[in-house]
Amino acid sequence: MTATAPAVGTPAPGPTALPKTARRMPGGGLGRYLVVRFLLIIPTIFILVTLVFFLMRATGDPITAALGGRLSGAQLQERIHAAGYDRPILVQYVEYLGQIATGNFGTSISDNRPISTILVTYGVATLELAFYALIVAFIVGIPLGMLAAYFRDRGQDAVLRVFAILCYATPVFFAGILLKLVFSVWLNVLPVAGRASTSSELEMQFLPNKTGIYLIDAFQTGEPAVIGDVLAHAVLPAIALGLLTAGIFLRLVRTNVIGTLSTDYVDAARSRGVSEYRLVRRHAYKPALIPIITVIGLQIALLLGGAVLTESTFEWKGLGFQLAQYLAARDFVAVQGIVALLAVIVAVTNFIVDIIAALIDPRVRY
Amino acid sequence: MSAPTAPVARAARAPRRTLLSRLPVVHQLGQSVGLQRGMLVAGLIITGVFVICALFAQLIAPYGFAQLRDENGQFGAQLEPSAQHIWGTTVGGYDVFSRVIWGAQTALEVMIVAIILSIFLGVFLGLVSGYFGGWLDRILVVLADAIYAFPSLLLAIVMSIVISGGQSNLYGGILAAAISITVVYIPQYFRVIRSETVRIKGEAFVESAKVIGASNARIMVRHVLRNSTRTLPLIFTLNASEAVLTLAGLGFLGFGIEPTAAAEWGFDLNKSLSDVTSGIWWTAVFPGLAIVLSVLGVTLVGESLNDLADPRLRGRRAVTAAGGAVAATSVVPGGTLEAGPAGITGLEGTSS
């Protein structure tokens with residue numbers, strides 16, 4: 001059985017892992033896994049783009065939807081014909097796929113801007129928000145989850161678990177409204193909305209290497225006031241969105257740490273006199289991390305969905321905010337482009353997360 | 001067919017327990033101890049209040065959800081909470097308290113329609129896909145995975161555009177919201193049922209049914225489906241709460257139900273966004289709390305049921321407090337398979 005050696009390039013598995021690896025195909029190394037996993041992105045994106053395309057077209061052509069009330073029938077027909085929406089749907093579909101493959105997502109109907117520009121400009125803002133939110137989620141969720149596992153079934157655990165459920169039960173926009181009410185209106189310590197105040201935005205406007213990521217831009221200006229301003233604007237949206245994910249992390253960490261805390265090696269470590277803090281922190285937490293990393297991939301989708309709501313609440317001018325605007329304007333070409341991009345982001349992050357999981361845990365590869 | 005009838009079928013095969021303890025939630029309530037029982041009871045109470053508000057909205061709410069005036073004339077907009085309007089009025093001049101109560105009804109309706117639809121479709125697809133396998137199975141799995149990975153709110157938005165063009169009346173709106181939510185949750189039911197079906201398909205009793213000459217449909221319904229519904233109650237409590245959140249999210253983005261057609265919490269929160277900046281708190285806080293509490297209640301029930309079903313998560317105190325429970329947990333590794341037609345209830349039956 002163990003005669004078939006694992007492929008070159010795989011880190012040498014321990015003796016216990018050998019039979020498992022041996023049962024698989026000889027070529028099942030990390031490299032092959034990466035290639036297969038990468039190729040799997042394509043159908044995922046393809047399916048989502050196709051789904052969104054046909055669903056959106058099922059409602060009729062985008063021009064009637066956007067401009068229906070405002071133009072006369074003849075003018076509408078003219079515009080529809082010019083844009084090619086009167087051709088057979090399959091022809092349009094193939095053309096659309098070709099356009100997407102070359103990075104051309106079309107032009108928005110309501111304000112006549114190339115979708116790809118919109119995606120780049122506002123996508124950065126959304127990623128910045130998602131990044132802040134993830135930081136909040138990690139800082140809040142992981143330590144609290146370890147605490148809850150350690151105090152399992154005691155009062156502290158119950159409080160933390162109810163907190164986790166509350167995080168999940170509170171819609172991000174309501175959390176945002178509450179935070180605004182308390183910190184911006186009643187205490188008046190943090191700004192109500194936006195990504196930065198107008199004066200800071202003006203300062204960042206003419207930077208030579210403008211990135212669109214406000215924090216980096218603020219550091220480029222080198223002025224502490226601008227940096228402080230940008231950070232102050234980020235606090236509330238980050239908390240509102242981060243808490244949603246924090247609750248999920250908390251629950252995950254708790255369940256997994258409880259699982260590892262009852263393993264033999266933790267008992268063995270405890271009998272050797274390892275401190276309780278070190279037990280939770282080192283022995284139980286590290287192995288519990290692997291399932292958490294895989295779940296983060298799914299959280300990205302949730303985070304992006306939540307970003308749409310958070311951005312609308314805080315007027316954070318990102319993709320979600322724009323999406324809401326275009327939805328209100330019934331500009332379905334723009335909506336379709338944004339949704340397609342989000343699908344790509346989700347598929348790619350899932351891919352990255354799977355790779356990280358495979359790097360950490362050799363058993364994942366196949 | 002699946003979920004509503006399944007408990008009845010289970011009950012018929014567990015003869016020793018009384019009728020009361022055979023009901024799914026009541027049984028778990030008896031099984032729970034300490035904190036776990038506290039969480040379950042709290043969840044049940046909150047959910048109960050929510051359901052009562054929803055069912056008797058007409059009696060509880062002092063005004064209609066779209067009522068702008070009474071015999072004393074117009075209500076007025078953004079009034080502070082007072083004796084006449086205990087939670088104040090909204091920017092549109094509606095009574096906040098009444099709209100919150102009526103909102104419960106909308107939420108419950110959407111929840112029920114969404115769950116029924118997704119259970120039917122998800123279970124059916126999962127069963128067919130898992131049982132027959134082949135290319136249909138592969139296509140469905142890839143599809144379900146793609147949908148599952150996608151942000152559910154965005155999918156719901158796309159669906160609601162397709163179904164209602166984004167704006168609609170009461171039934172159209174409820175149906176649109178429910179179908180949008182359904183599409184999001186079908187993959188979850190599909191995955192669970194499919195994996196269970198694949199597992200059960202290899203069992204000896206399915207083989208023997210085939211040998212006897214039972215038709216595929218009969219095997220699927222009588223042998224496979226009955227045994228694969230074990231985890232369904234857990235998923236649907238969790239999905240019920242997600243349905244409320246998705247509905248509120250849709251409403252917040254302006255894709256819900258029009259204010260004159262029904263009260264919807266998410267829509268009210270959207271309208272209150274500008275009030276908050278000027279310090280008007282009551283238009284936002286009450287509908288928001290209604291969402292939080294209804295989701296919290298259903299989630300607490302779902303979480304507790306989930307923990308009680310999983311012996312590893314069932315409280316340690318439950319083991320020490322309930323005498324025979326130690327024996328029950330030790331049986332479990334082999335027990336999940338034996339759970340058979342009685343499902344979780346059958347599995348846990350040994351402990352009580």
# chains A, B, ... in the order shown; residues from 1 in each chain; ligands from 1
$ closest_atom_pairs --of "chain B" --to "chain A" --cutoff "8 Å" --atoms "only C-alpha atoms" --output "tab-separated table"
residue	atom	partner	partner_atom	distance
B:Leu35	CA	A:Asp153	CA	7.0
B:Val142	CA	A:Thr44	CA	7.6
B:Leu143	CA	A:Ile47	CA	7.1
B:Ala146	CA	A:Thr44	CA	5.3
B:Ile147	CA	A:Leu48	CA	7.3
B:Ala149	CA	A:Leu298	CA	6.3
B:Phe150	CA	A:Ala301	CA	5.8
B:Pro151	CA	A:Ala301	CA	4.6
B:Ser152	CA	A:Gly305	CA	6.9
B:Leu153	CA	A:Gly305	CA	5.6
B:Leu154	CA	A:Gly305	CA	6.4
B:Val158	CA	A:Met56	CA	7.0
B:Met159	CA	A:Leu55	CA	7.3
B:Ile161	CA	A:Thr59	CA	7.4
B:Val162	CA	A:Thr59	CA	5.4
B:Ile163	CA	A:Thr59	CA	7.9
B:Gly165	CA	A:Thr59	CA	7.0
B:Ser241	CA	A:Ala169	CA	7.9
B:Leu245	CA	A:Pro171	CA	6.5
B:Ala248	CA	A:Pro171	CA	7.9
B:Gly249	CA	A:Leu309	CA	7.2
B:Phe252	CA	A:Leu309	CA	7.8
B:Leu253	CA	A:Ala324	CA	6.4
B:Gly254	CA	A:Ala328	CA	7.6
B:Leu269	CA	A:Phe174	CA	7.4
B:Leu273	CA	A:Ile177	CA	7.0
B:Val276	CA	A:Leu181	CA	6.0
B:Thr277	CA	A:Val185	CA	6.3
B:Ser278	CA	A:Val185	CA	7.4
B:Gly279	CA	A:Val185	CA	6.2
B:Trp281	CA	A:Leu181	CA	7.3
B:Ala284	CA	A:Ile177	CA	7.4
B:Val285	CA	A:Leu178	CA	7.5
B:Gly288	CA	A:Phe174	CA	5.7
B:Ile291	CA	A:Thr170	CA	7.3
B:Val292	CA	A:Thr170	CA	5.0
B:Leu293	CA	A:Ala169	CA	7.6
B:Val295	CA	A:Ala169	CA	5.3
B:Leu296	CA	A:Ala169	CA	5.6
B:Thr299	CA	A:Ile165	CA	7.2
B:Leu300	CA	A:Ile165	CA	7.6
B:Arg312	CA	A:Gly259	CA	8.0
B:Leu313	CA	A:Thr255	CA	7.8
B:Gly315	CA	A:Asp153	CA	6.4
B:Arg316	CA	A:Asp153	CA	7.4
B:Arg317	CA	A:Asp153	CA	7.9
$ select_by_dssp --residues "stretch 120-348 of chain A" --states "helix (DSSP H, G or I)" --output "number ranges by chain"
A: 120-150, 155-169, 172-186, 198-205, 214-221, 224-261, 264-271, 276-314, 319-328, 332-348
$ residues_around --residues "A:Gly123" --least-positions-apart "2" --cutoff "12 Å" --atoms "only C-alpha atoms" --output "count of residues only"
34
$ residues_around --residues "A:Tyr265" --least-positions-apart "6" --cutoff "12 Å" --atoms "only C-alpha atoms" --output "ChimeraX atom specification"
/A:259,271-272,274,279,282-284,287
$ closest_atom_pairs --of "stretch 190-263 of chain B" --to "stretch 171-185 of chain B" --cutoff "9 Å" --atoms "only C-alpha atoms" --output "JSON lines"
{"residue": "B:Phe190", "atom": "CA", "partner": "B:Tyr185", "partner_atom": "CA", "distance": 8.6}
{"residue": "B:Asn239", "atom": "CA", "partner": "B:Tyr185", "partner_atom": "CA", "distance": 7.4}
{"residue": "B:Glu242", "atom": "CA", "partner": "B:Ile181", "partner_atom": "CA", "distance": 8.7}
{"residue": "B:Ala243", "atom": "CA", "partner": "B:Ile181", "partner_atom": "CA", "distance": 6.3}
{"residue": "B:Thr246", "atom": "CA", "partner": "B:Ile181", "partner_atom": "CA", "distance": 6.9}
{"residue": "B:Leu247", "atom": "CA", "partner": "B:Ala177", "partner_atom": "CA", "distance": 6.3}
{"residue": "B:Leu250", "atom": "CA", "partner": "B:Ala177", "partner_atom": "CA", "distance": 7.8}
{"residue": "B:Phe255", "atom": "CA", "partner": "B:Ala177", "partner_atom": "CA", "distance": 8.4}
{"residue": "B:Gly256", "atom": "CA", "partner": "B:Gly173", "partner_atom": "CA", "distance": 6.6}
{"residue": "B:Ile257", "atom": "CA", "partner": "B:Gly173", "partner_atom": "CA", "distance": 5.0}
{"residue": "B:Glu258", "atom": "CA", "partner": "B:Gly173", "partner_atom": "CA", "distance": 7.9}
{"residue": "B:Ala261", "atom": "CA", "partner": "B:Gly173", "partner_atom": "CA", "distance": 8.5}
{"residue": "B:Ala262", "atom": "CA", "partner": "B:Gly173", "partner_atom": "CA", "distance": 8.9}
$ write_last_selection --atoms "N, CA, C and O atoms" --output "compact mmCIF listing (two decimals), in the first residue's frame"
# COMPACT_ATOMS: atom_id res chain seq x y z
N PHE B 190 -31.02 21.52 -0.70
CA PHE B 190 -30.55 20.60 -1.73
C PHE B 190 -29.32 19.85 -1.26
O PHE B 190 -29.25 18.62 -1.33
N ASN B 239 -33.19 29.14 8.66
CA ASN B 239 -33.58 29.85 7.44
C ASN B 239 -34.74 30.81 7.68
O ASN B 239 -34.84 31.83 7.00
N GLU B 242 -33.20 33.91 8.64
CA GLU B 242 -32.55 34.57 7.52
C GLU B 242 -33.56 35.17 6.56
O GLU B 242 -33.30 36.19 5.92
N ALA B 243 -34.73 34.53 6.47
CA ALA B 243 -35.77 35.06 5.59
C ALA B 243 -36.20 36.44 6.06
O ALA B 243 -36.38 37.36 5.26
N THR B 246 -33.44 38.86 5.12
CA THR B 246 -33.38 39.15 3.69
C THR B 246 -34.53 40.05 3.28
O THR B 246 -34.35 40.99 2.51
N LEU B 247 -35.72 39.77 3.83
CA LEU B 247 -36.87 40.61 3.52
C LEU B 247 -36.59 42.05 3.95
O LEU B 247 -36.85 43.00 3.20
N LEU B 250 -34.11 43.64 1.58
CA LEU B 250 -34.78 44.02 0.33
C LEU B 250 -35.59 45.29 0.53
O LEU B 250 -35.54 46.21 -0.28
N PHE B 255 -36.80 47.42 -2.32
CA PHE B 255 -37.36 46.34 -3.14
C PHE B 255 -38.42 45.55 -2.41
O PHE B 255 -38.74 44.45 -2.78
N GLY B 256 -38.93 46.14 -1.36
CA GLY B 256 -39.92 45.40 -0.59
C GLY B 256 -41.31 45.65 -1.12
O GLY B 256 -41.54 45.76 -2.32
N ILE B 257 -42.20 45.77 -0.19
CA ILE B 257 -43.60 45.90 -0.49
C ILE B 257 -43.95 47.38 -0.25
O ILE B 257 -43.45 48.00 0.68
N GLU B 258 -44.80 47.91 -1.10
CA GLU B 258 -45.12 49.33 -0.97
C GLU B 258 -45.83 49.63 0.35
O GLU B 258 -46.58 48.79 0.85
N ALA B 261 -49.43 48.91 0.71
CA ALA B 261 -49.88 47.53 0.53
C ALA B 261 -49.71 46.71 1.80
O ALA B 261 -50.53 45.85 2.12
N ALA B 262 -48.63 46.96 2.53
CA ALA B 262 -48.39 46.25 3.78
C ALA B 262 -47.30 46.98 4.52
O ALA B 262 -46.57 47.78 3.95
$ atom_distance --atom1 "atom CA of A:Val140" --atom2 "atom CA of A:Leu241"
12.2 Å
$ residues_around --residues "A:Leu97" --least-positions-apart "3" --cutoff "9 Å" --atoms "only C-alpha atoms" --output "JSON, numbers by chain"
{"A": [46, 49, 50, 92, 93, 94, 100, 101, 102]}
$ write_last_selection --atoms "C-alpha atoms" --output "compact mmCIF listing (two decimals), in the first residue's frame"
# COMPACT_ATOMS: atom_id res chain seq x y z
CA PHE A 46 -19.70 31.49 -15.96
CA VAL A 49 -22.87 35.61 -15.11
CA THR A 50 -25.19 33.53 -17.29
CA GLN A 92 -26.73 39.21 -27.28
CA TYR A 93 -25.63 36.65 -24.72
CA VAL A 94 -22.66 35.48 -26.77
CA ILE A 100 -16.88 40.48 -20.34
CA ALA A 101 -13.93 38.34 -21.32
CA THR A 102 -12.21 41.46 -22.61
$ atom_distance --atom1 "atom CA of A:Arg87" --atom2 "atom CA of A:Val333"
16.3 Å
$ residues_around --residues "A:Ile239" --least-positions-apart "6" --cutoff "9 Å" --atoms "only C-alpha atoms" --output "PDB file with all heavy atoms, in the first residue's frame"
ATOM      1  N   TYR A 132     -11.593  46.725   6.539  1.00  0.00           N
ATOM      2  CA  TYR A 132     -11.771  47.236   7.909  1.00  0.00           C
ATOM      3  C   TYR A 132     -12.703  46.322   8.686  1.00  0.00           C
ATOM      4  O   TYR A 132     -12.461  45.998   9.849  1.00  0.00           O
ATOM      5  CB  TYR A 132     -12.378  48.635   7.896  1.00  0.00           C
ATOM      6  CG  TYR A 132     -11.507  49.715   7.311  1.00  0.00           C
ATOM      7  CD1 TYR A 132     -12.064  50.793   6.637  1.00  0.00           C
ATOM      8  CD2 TYR A 132     -10.125  49.678   7.453  1.00  0.00           C
ATOM      9  CE1 TYR A 132     -11.278  51.799   6.104  1.00  0.00           C
ATOM     10  CE2 TYR A 132      -9.334  50.671   6.919  1.00  0.00           C
ATOM     11  CZ  TYR A 132      -9.911  51.728   6.241  1.00  0.00           C
ATOM     12  OH  TYR A 132      -9.141  52.717   5.710  1.00  0.00           O
ATOM     13  N   ALA A 133     -13.787  45.925   8.032  1.00  0.00           N
ATOM     14  CA  ALA A 133     -14.790  45.112   8.717  1.00  0.00           C
ATOM     15  C   ALA A 133     -14.190  43.779   9.148  1.00  0.00           C
ATOM     16  O   ALA A 133     -14.455  43.293  10.250  1.00  0.00           O
ATOM     17  CB  ALA A 133     -15.993  44.891   7.816  1.00  0.00           C
ATOM     18  N   VAL A 136     -12.185  44.273  12.267  1.00  0.00           N
ATOM     19  CA  VAL A 136     -13.067  44.335  13.439  1.00  0.00           C
ATOM     20  C   VAL A 136     -13.547  42.932  13.799  1.00  0.00           C
ATOM     21  O   VAL A 136     -13.534  42.530  14.962  1.00  0.00           O
ATOM     22  CB  VAL A 136     -14.278  45.254  13.159  1.00  0.00           C
ATOM     23  CG1 VAL A 136     -15.301  45.155  14.280  1.00  0.00           C
ATOM     24  CG2 VAL A 136     -13.824  46.688  12.988  1.00  0.00           C
ATOM     25  N   ALA A 137     -13.943  42.166  12.788  1.00  0.00           N
ATOM     26  CA  ALA A 137     -14.473  40.823  13.040  1.00  0.00           C
ATOM     27  C   ALA A 137     -13.431  39.941  13.717  1.00  0.00           C
ATOM     28  O   ALA A 137     -13.736  39.205  14.649  1.00  0.00           O
ATOM     29  CB  ALA A 137     -14.933  40.201  11.730  1.00  0.00           C
ATOM     30  N   ALA A 175     -27.893  48.252  12.813  1.00  0.00           N
ATOM     31  CA  ALA A 175     -26.702  48.483  13.631  1.00  0.00           C
ATOM     32  C   ALA A 175     -26.100  49.834  13.260  1.00  0.00           C
ATOM     33  O   ALA A 175     -25.717  50.620  14.137  1.00  0.00           O
ATOM     34  CB  ALA A 175     -25.689  47.362  13.426  1.00  0.00           C
ATOM     35  N   GLY A 176     -26.026  50.097  11.963  1.00  0.00           N
ATOM     36  CA  GLY A 176     -25.471  51.364  11.495  1.00  0.00           C
ATOM     37  C   GLY A 176     -26.288  52.546  11.996  1.00  0.00           C
ATOM     38  O   GLY A 176     -25.725  53.536  12.484  1.00  0.00           O
ATOM     39  N   LEU A 179     -25.619  53.031  15.716  1.00  0.00           N
ATOM     40  CA  LEU A 179     -24.295  53.608  15.952  1.00  0.00           C
ATOM     41  C   LEU A 179     -24.288  55.094  15.606  1.00  0.00           C
ATOM     42  O   LEU A 179     -23.733  55.917  16.334  1.00  0.00           O
ATOM     43  CB  LEU A 179     -23.244  52.870  15.120  1.00  0.00           C
ATOM     44  CG  LEU A 179     -22.889  51.461  15.576  1.00  0.00           C
ATOM     45  CD1 LEU A 179     -22.049  50.764  14.520  1.00  0.00           C
ATOM     46  CD2 LEU A 179     -22.134  51.502  16.891  1.00  0.00           C
TER      47      LEU A 179
END
